[in-house]
Each structure stands twice: as C-alpha cells, then as structure tokens.
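Participant: This structure is in structure tokens; I'll ask about it shortly.
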Amino acid sequence: MTGYLAFLKKELFEYTKTYKLFVMLMVFAVFGITNPLIAKLMPEILGSLITDGITITLPEPTAYDAWTQFFKNATQMGLLVMVILFSNVLSSELSKGTLINLLTKGLSRTAVILSKYTCMALVWTTSIALCFGLTYGYTVYLFPKEETYDLLFSVFCLWLFGMFLLAALLFSATLTGTSYGCLLITGAVVVICMIMNIIPAVQRYNPISLVTDNMGLVMNSIEASSLYSTIVVACLFSLIFVSLSIAVFRKKQI
Amino acid sequence: MGVLEIRQLYKRFGRHEVLKGLDMDVPERSIFGFVGQNGAGKTTTMKIIIGLLKPDSGSVTVCGEKAAYGGSGTNRHIGYLPDVPEFYGYMNPMEYLMLCGEITGLTKTRIKSRSEELLELVGLKDQKKKIGGFSRGMKQRLGIAQALLNEPKLLICDEPTSALDPVGRKEILDILLAAKGKTTIVFSTHILADVEKICDRIAVLHDGKLALCGTLSEIKERRRLHGFIIEFGSEKAASCFENAEELKRPSISLSRSGSTVKVFLADGDMDGHLLLDVLSQKRIVPLKFAVMEPTLESLFMEAVR
C-alpha cells in the first residue's frame, strides 16, 4: 500500500512535470469551449460562404448540436489523444530501466500496474469532467431554453468507455512492452468492437455502444436501461484487462 | 552463515547456456569481487539474485531467506546498483531519494536525514540540478546513494566503474570502501586493478561456473608458482649458479638472461631454501633474491583459459 501511494504520487508528479497532464487538459478544455460555439456559429459560417443567388435554409442551431459536437470530439479526437499520450505508459520505463531501482527497493509489481491505471484514470476523469463542465456552461448560456435527457448518464457511458480503453491500453502495454505494440493492440480492440457491432445480438453487450449511443440517449430515442448490460460487460472487461496486466507483469523479465 | 548463498544455479537464454550450476557463498562484511569476461553471466547472476530474472533451476538465499522471482521479499535486505542506473530525468536527487524512501516505507524524517547523509557521502549534496542533466559519473554516484538508502545488509553493484574516467572510478571505489563495515558488498567488474584495490574476496566466473574463489591472499598462496628471480652482480656468477650440479634435476627448470636467472620448482616439497643453500655453497651473494608473486591478471588468465 505504501508502495502504491508513493508510486501514484510519482506518476502524478511525472504527468505534471512532463506536461502530459497539461496537454490533456488543454485539448479537452479547447473542445469544451468550442463545442457549443461551433454549434452556434456554424449557420453563420456557412452563410458567409454562400454566394448570391443560392438560398439554403439552415435550421436554427440547438443545444443538441452542441452536444453532438461534444460527443463527436470527445469520442474521436479526445480518445485518440488520450491513447497516444498514454501509449508509452510502460514502454519508456521498461526500455530505460527506470523501474529496476524501484523494484529492487521492494516496490511490488502489482502496485506499479495499479498505480499506473489509477493515475491514467484520474487524468482521464479530470479531462472529461473539465470538457463536460465547459460545454455544459456555454450550452446553457447560448441555448438557455433547450432540454436534454439522460445527459449525465450519457457522459458517464463515455467516461466508462475511456476507462475500458485505458485498461485495454495497459494490458497491451504490459504484453508488448513497446509503445507501437501498445497502440496497435489498443487499436485492434476498438476495431474488433466495431466489427462485432455488425451482429445485432452482440450490440447490447458491446462496449463500443457506450460511445455510439450517446446522442440517442440525450435525445431520448434510446432508453438508458438498454445500456445496462453493456455497462456490466465494459466493467467486467476492464477488470479482466487490469488483472491480466498484473498477472503478465508479475511474470515479465525486466 | 553467509549473507548470500547460491546453489546450483542454471540459466539459459535460448540455446545459449549462461550459468551451468553456479555455487557461490558470500560471507558477511566482505567486499566480494565478482570477476569475469564480458558475457560471462555476471549481470545475469545479479538479476537472478534480485528477482528480475527467473533461473531455470537452483536456489538463491539472501540472509537466510529464499529469493523468489518476481517477488520482492528478500529485496529489503538488498541494495542494487545496475550497470547503467537510470532515473527519472525530471527529478532532482533529493526528490528521487524521497521517492525511494517512501517505497521502502521509511518515515519522512528518517528519509530526509538519511538522504542528506548519503548525498553528502556521494558528493551530490548541493546538487539542485535535475537528474536529466547529470553526467555518467554523477548518475553512478546517485545510484550508490539510492542503493544504500534502506541500509541494506547486502549491496550489489553491477560494474560500477566500467564506464567512468579515472577520477570517477576512484571516487566510486572510495565510496564503496567507506560503505564497507556497514554492509556486505558484491561488486562485479572486469577491471582487475579495482578488485585488487578494494576487494578482500574474489570469485572468477567462467563458463557458467566459478573457476576460482576465495580471499585474495588465499588464492595467490594456492596458485603461487614456486618461482624465484635471482639477480647476480655479473654474468659469470649467474652462469656459475645456473650450472650448479645440485640444480640439475628434472623438477627444476632454470632460464638465464644476462645476469638474471629465473628458477621454477615444480616439486611442492622444495622451496627457496634449496636455492639459498646452493648460493651459500658457491659463496655467491646475489643482488636480488625474490619470490615471484602471481599477479591477479595471471591468475585470471589461467582461470579463464
């Protein structure tokens, strides 16, 4: 436990000192601010591009447009930035050998994996919370009267998918020990999830639904309860990935 | 009981068998020089001791406790300095030692006092620079500081002096000498001069086993060649001695160059008295009469042949 806390502190210190935390927060803050703004300004931007003689009627922007932007940015660019940023979570320590000193000091390998996962989770949670907070504030300001459904639940789903992805990332990092291998396997996990989604019977249990059904939830076209089984599956897989990471890392020759 | 006992250790990497039944005992409070050619298996042995590599078979006992691969139980007795110690470049030495101390479970005040003490010992006390800007020698010294942090009973250093300049080497050796008495030190190297300077015991690793093991004087005694160098005042006296009837025996070999005669006695029962008798019989007083000491280098060469 002392090892876990000490190493967690070191991880947080590292993310601050190497500007990783800063980059994550900046990216998500920029998304957070621009989501509602783009939704609001899009008709005007398009309008200014249209030359005389052509008339296009654009629908009045709504809060839904802001949230569409939010879920699009967070699930695509946001997750991508996160995965790339964390891809060397283990590989740099393994290739440089910085872990050797600490492991020979009695730091348990389980503590290494758990504190790395905790730290990534903390950074991800803070980033998505920041992004959500900013988008929410601006959306309420720009589109005061609009109503949304299951918004928090929908964001929770997105957050959970991030946690699932981080668990997969950690597992592939321990398995391959390189950042390319890590990116490759994490990418493969997402692709497999997408391919599996073609089969209708699997959709209800596929973690990818957590980031494809968000707008449906917000617009009330999808029932929250339909995602409960997906949530259980995502939690289960995250747990399995983290446990496997520990098992693999304990056997790894360093 | 020794601090470290290794029994019948085997390890292979693919087809290459590195360790073939290594047995080794390190007694308490010694500086143990672990010598061998590059690739002899020194680093492999050390990594097995601290549980970073898994042996194919055999056992390692540290302070009476069995060391297990991947576990860290016995590591609380051990301080380890890797051949190229790597640190987090964004920390300064104090921050790094604080992290190490927290992991070991020392109290805050203890970590602080101990870190200051050690940074003083390794000469990095006023170093506020980030470790990223450190030279090899400075990293090596910080490496020793972190290895000594938890007051280990056994300090294992993997080639601590190999890549350093003469000044840096001397500094590291001095630090190790200063740590002697408080802890047992096992240190691997292929620089024999370092071993002669600070070690009281050596082991030569060759072909996966110990080719030679014991205290330095013991080994030299055991391998003494029974050779003598006698220097005469003139060539005449030298040739007179060389042709003495008493020395015309198959177990004695003589070789003369100028006024110097080298004598090797192959028979273990004979010693220098025989030669002194001949000299006094012939009434020759040599300029110099010396026993040939085997050098560590010659011993090493012989062991790894």
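Lettering and numbering for the structure tokens are positional, with chains as A, B, ... in the shown order, residues counted from 1 in each chain, and ligands counted from 1 in the shown order.
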Give me the residues near region 87-91 of chain B as an MDAnalysis selection string, where near means some atom within 10 Å (using only C-alpha atoms) and where sequence neighbours in that chain fewer than 2 positions away do not count.
Facilitator: (chainID A and resid 10 13:14 17:18 93 96:102) or (chainID B and resid 84:85 93:97 99 128:134 139 142:143)
Participant: Counting only C-alpha atoms, what is within 9 Å of region 80-88 of chain A, bar same-chain residues fewer than 2 positions away, as an MDAnalysis selection string?
Facilitator: chainID A and resid 20 23:24 27 74:78 90:93 120 124 162 165:166 169:170 173 177:183 186
Participant: Output N, CA and C atoms for every residue in that selection, as a compact mmCIF listing (two decimals), in the first residue's frame.
Facilitator:
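Result file is again02.txt:
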# COMPACT_ATOMS: atom_id res chain seq x y z
N LYS A 20 2.27 16.23 -19.71
CA LYS A 20 1.23 15.38 -20.27
C LYS A 20 -0.14 15.79 -19.74
N VAL A 23 -1.19 18.96 -21.49
CA VAL A 23 -1.67 18.73 -22.87
C VAL A 23 -3.09 18.18 -22.86
N MET A 24 -3.31 17.15 -22.00
CA MET A 24 -4.64 16.55 -21.92
C MET A 24 -5.69 17.61 -21.56
N VAL A 27 -6.27 20.17 -24.41
CA VAL A 27 -7.05 19.63 -25.53
C VAL A 27 -8.52 19.56 -25.17
N ALA A 74 -15.13 14.29 -28.29
CA ALA A 74 -14.59 13.52 -27.18
C ALA A 74 -14.34 12.08 -27.57
N THR A 75 -15.27 11.50 -28.35
CA THR A 75 -15.10 10.08 -28.68
C THR A 75 -14.08 9.86 -29.78
N GLN A 76 -13.86 10.86 -30.62
CA GLN A 76 -12.89 10.66 -31.70
C GLN A 76 -11.53 11.24 -31.33
N MET A 77 -11.38 12.55 -31.48
CA MET A 77 -10.09 13.18 -31.19
C MET A 77 -9.68 12.99 -29.74
N GLY A 78 -10.64 13.16 -28.85
CA GLY A 78 -10.32 13.10 -27.42
C GLY A 78 -9.71 11.77 -27.02
N LEU A 90 4.19 2.30 -20.06
CA LEU A 90 5.14 1.33 -19.50
C LEU A 90 6.42 1.25 -20.32
N SER A 91 6.27 1.44 -21.64
CA SER A 91 7.41 1.15 -22.52
C SER A 91 8.62 2.02 -22.19
N SER A 92 8.40 3.29 -21.85
CA SER A 92 9.56 4.13 -21.58
C SER A 92 10.26 3.68 -20.30
N GLU A 93 9.48 3.27 -19.32
CA GLU A 93 10.10 2.81 -18.07
C GLU A 93 10.85 1.50 -18.29
N MET A 120 -3.78 7.13 -14.75
CA MET A 120 -4.38 7.39 -16.06
C MET A 120 -5.86 7.70 -15.89
N TRP A 124 -7.79 11.09 -17.03
CA TRP A 124 -8.93 10.98 -17.95
C TRP A 124 -10.19 11.59 -17.33
N GLY A 162 -13.86 5.20 -21.80
CA GLY A 162 -12.48 5.64 -21.63
C GLY A 162 -11.73 4.75 -20.65
N LEU A 165 -11.01 1.52 -22.31
CA LEU A 165 -9.93 1.67 -23.28
C LEU A 165 -8.57 1.74 -22.56
N LEU A 166 -8.54 2.43 -21.44
CA LEU A 166 -7.29 2.54 -20.67
C LEU A 166 -6.85 1.18 -20.13
N LEU A 169 -5.43 -0.60 -22.97
CA LEU A 169 -4.13 0.00 -23.28
C LEU A 169 -3.05 -0.49 -22.32
N LEU A 170 -3.40 -0.55 -21.06
CA LEU A 170 -2.44 -1.01 -20.05
C LEU A 170 -2.07 -2.47 -20.29
N ALA A 173 0.16 -2.70 -23.21
CA ALA A 173 1.49 -2.17 -22.87
C ALA A 173 2.30 -3.21 -22.11
N GLY A 177 5.30 -4.29 -24.29
CA GLY A 177 6.45 -3.56 -23.76
C GLY A 177 6.93 -2.44 -24.67
N THR A 178 6.23 -2.20 -25.79
CA THR A 178 6.61 -1.09 -26.66
C THR A 178 5.40 -0.21 -26.92
N SER A 179 5.65 1.07 -27.27
CA SER A 179 4.50 1.94 -27.44
C SER A 179 3.77 1.64 -28.76
N TYR A 180 4.51 1.19 -29.78
CA TYR A 180 3.83 0.85 -31.03
C TYR A 180 2.93 -0.36 -30.85
N GLY A 181 3.46 -1.36 -30.17
CA GLY A 181 2.67 -2.55 -29.89
C GLY A 181 1.43 -2.19 -29.09
N CYS A 182 1.63 -1.28 -28.19
CA CYS A 182 0.53 -0.84 -27.33
C CYS A 182 -0.56 -0.17 -28.17
N LEU A 183 -0.15 0.74 -29.07
CA LEU A 183 -1.12 1.44 -29.93
C LEU A 183 -1.84 0.44 -30.83
N THR A 186 -4.34 -1.78 -28.83
CA THR A 186 -5.49 -0.97 -28.39
C THR A 186 -6.38 -0.64 -29.58
Participant: Using only C-alpha atoms, which protein or nucleic acid residues come within 7 Å of region 189-195 of chain A? Drop anything in the same chain fewer than 3 positions from it, and give the result as a PyMOL selection string.
Facilitator: chain A and resi 185-186+198+206+208
Participant: Output C-alpha atoms of each residue in that selection to a file, as a PDB file, in the first residue's frame.
Facilitator:
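Now in out-v6.pdb:
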ATOM      1  CA  ILE A 185      -3.343  -3.754 -29.848  1.00  0.00           C
ATOM      2  CA  THR A 186      -5.488  -0.973 -28.386  1.00  0.00           C
ATOM      3  CA  ILE A 198     -22.430  -5.587 -37.045  1.00  0.00           C
ATOM      4  CA  ASN A 206     -20.661  -4.411 -26.945  1.00  0.00           C
ATOM      5  CA  ILE A 208     -18.492   0.353 -28.213  1.00  0.00           C
TER       6      ILE A 208
END
Participant: Restrict the distance test to only C-alpha atoms, flag each residue of chain B within 6 Å of chain A, and return the flagged residues as a PDB file with C-alpha atoms, in the first residue's frame.
Facilitator:
ATOM      1  CA  LEU B  52      14.405  -9.651 -12.050  1.00  0.00           C
ATOM      2  CA  LEU B  53      15.232 -12.827 -13.961  1.00  0.00           C
ATOM      3  CA  GLY B  70       9.186 -11.522  -9.355  1.00  0.00           C
ATOM      4  CA  SER B  72      10.401  -8.518  -3.553  1.00  0.00           C
ATOM      5  CA  ASN B  75      14.972  -7.296  -1.731  1.00  0.00           C
ATOM      6  CA  ARG B  76      14.527  -5.390   1.515  1.00  0.00           C
ATOM      7  CA  GLU B  86      18.508   5.140 -14.866  1.00  0.00           C
ATOM      8  CA  PHE B  87      16.464   7.732 -13.053  1.00  0.00           C
ATOM      9  CA  GLU B 102       8.671   6.238   0.562  1.00  0.00           C
ATOM     10  CA  ILE B 103       8.626   2.994  -1.381  1.00  0.00           C
ATOM     11  CA  THR B 104      10.826   1.320   1.207  1.00  0.00           C
TER      12      THR B 104
END
Participant: Apply DSSP to the structure's backbone, then extract all residues of region 198-281 of chain B labelled strand (DSSP E) and return them as a PyMOL selection string.
Facilitator: chain B and resi 201-206+209-215+227-231+252-257+260-265
Participant: CA of Gly137 (chain B) to CA of Thr295 (chain B): how many Å, to one decimal?
Facilitator: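 These atoms are spaced 28.9 Å apart.
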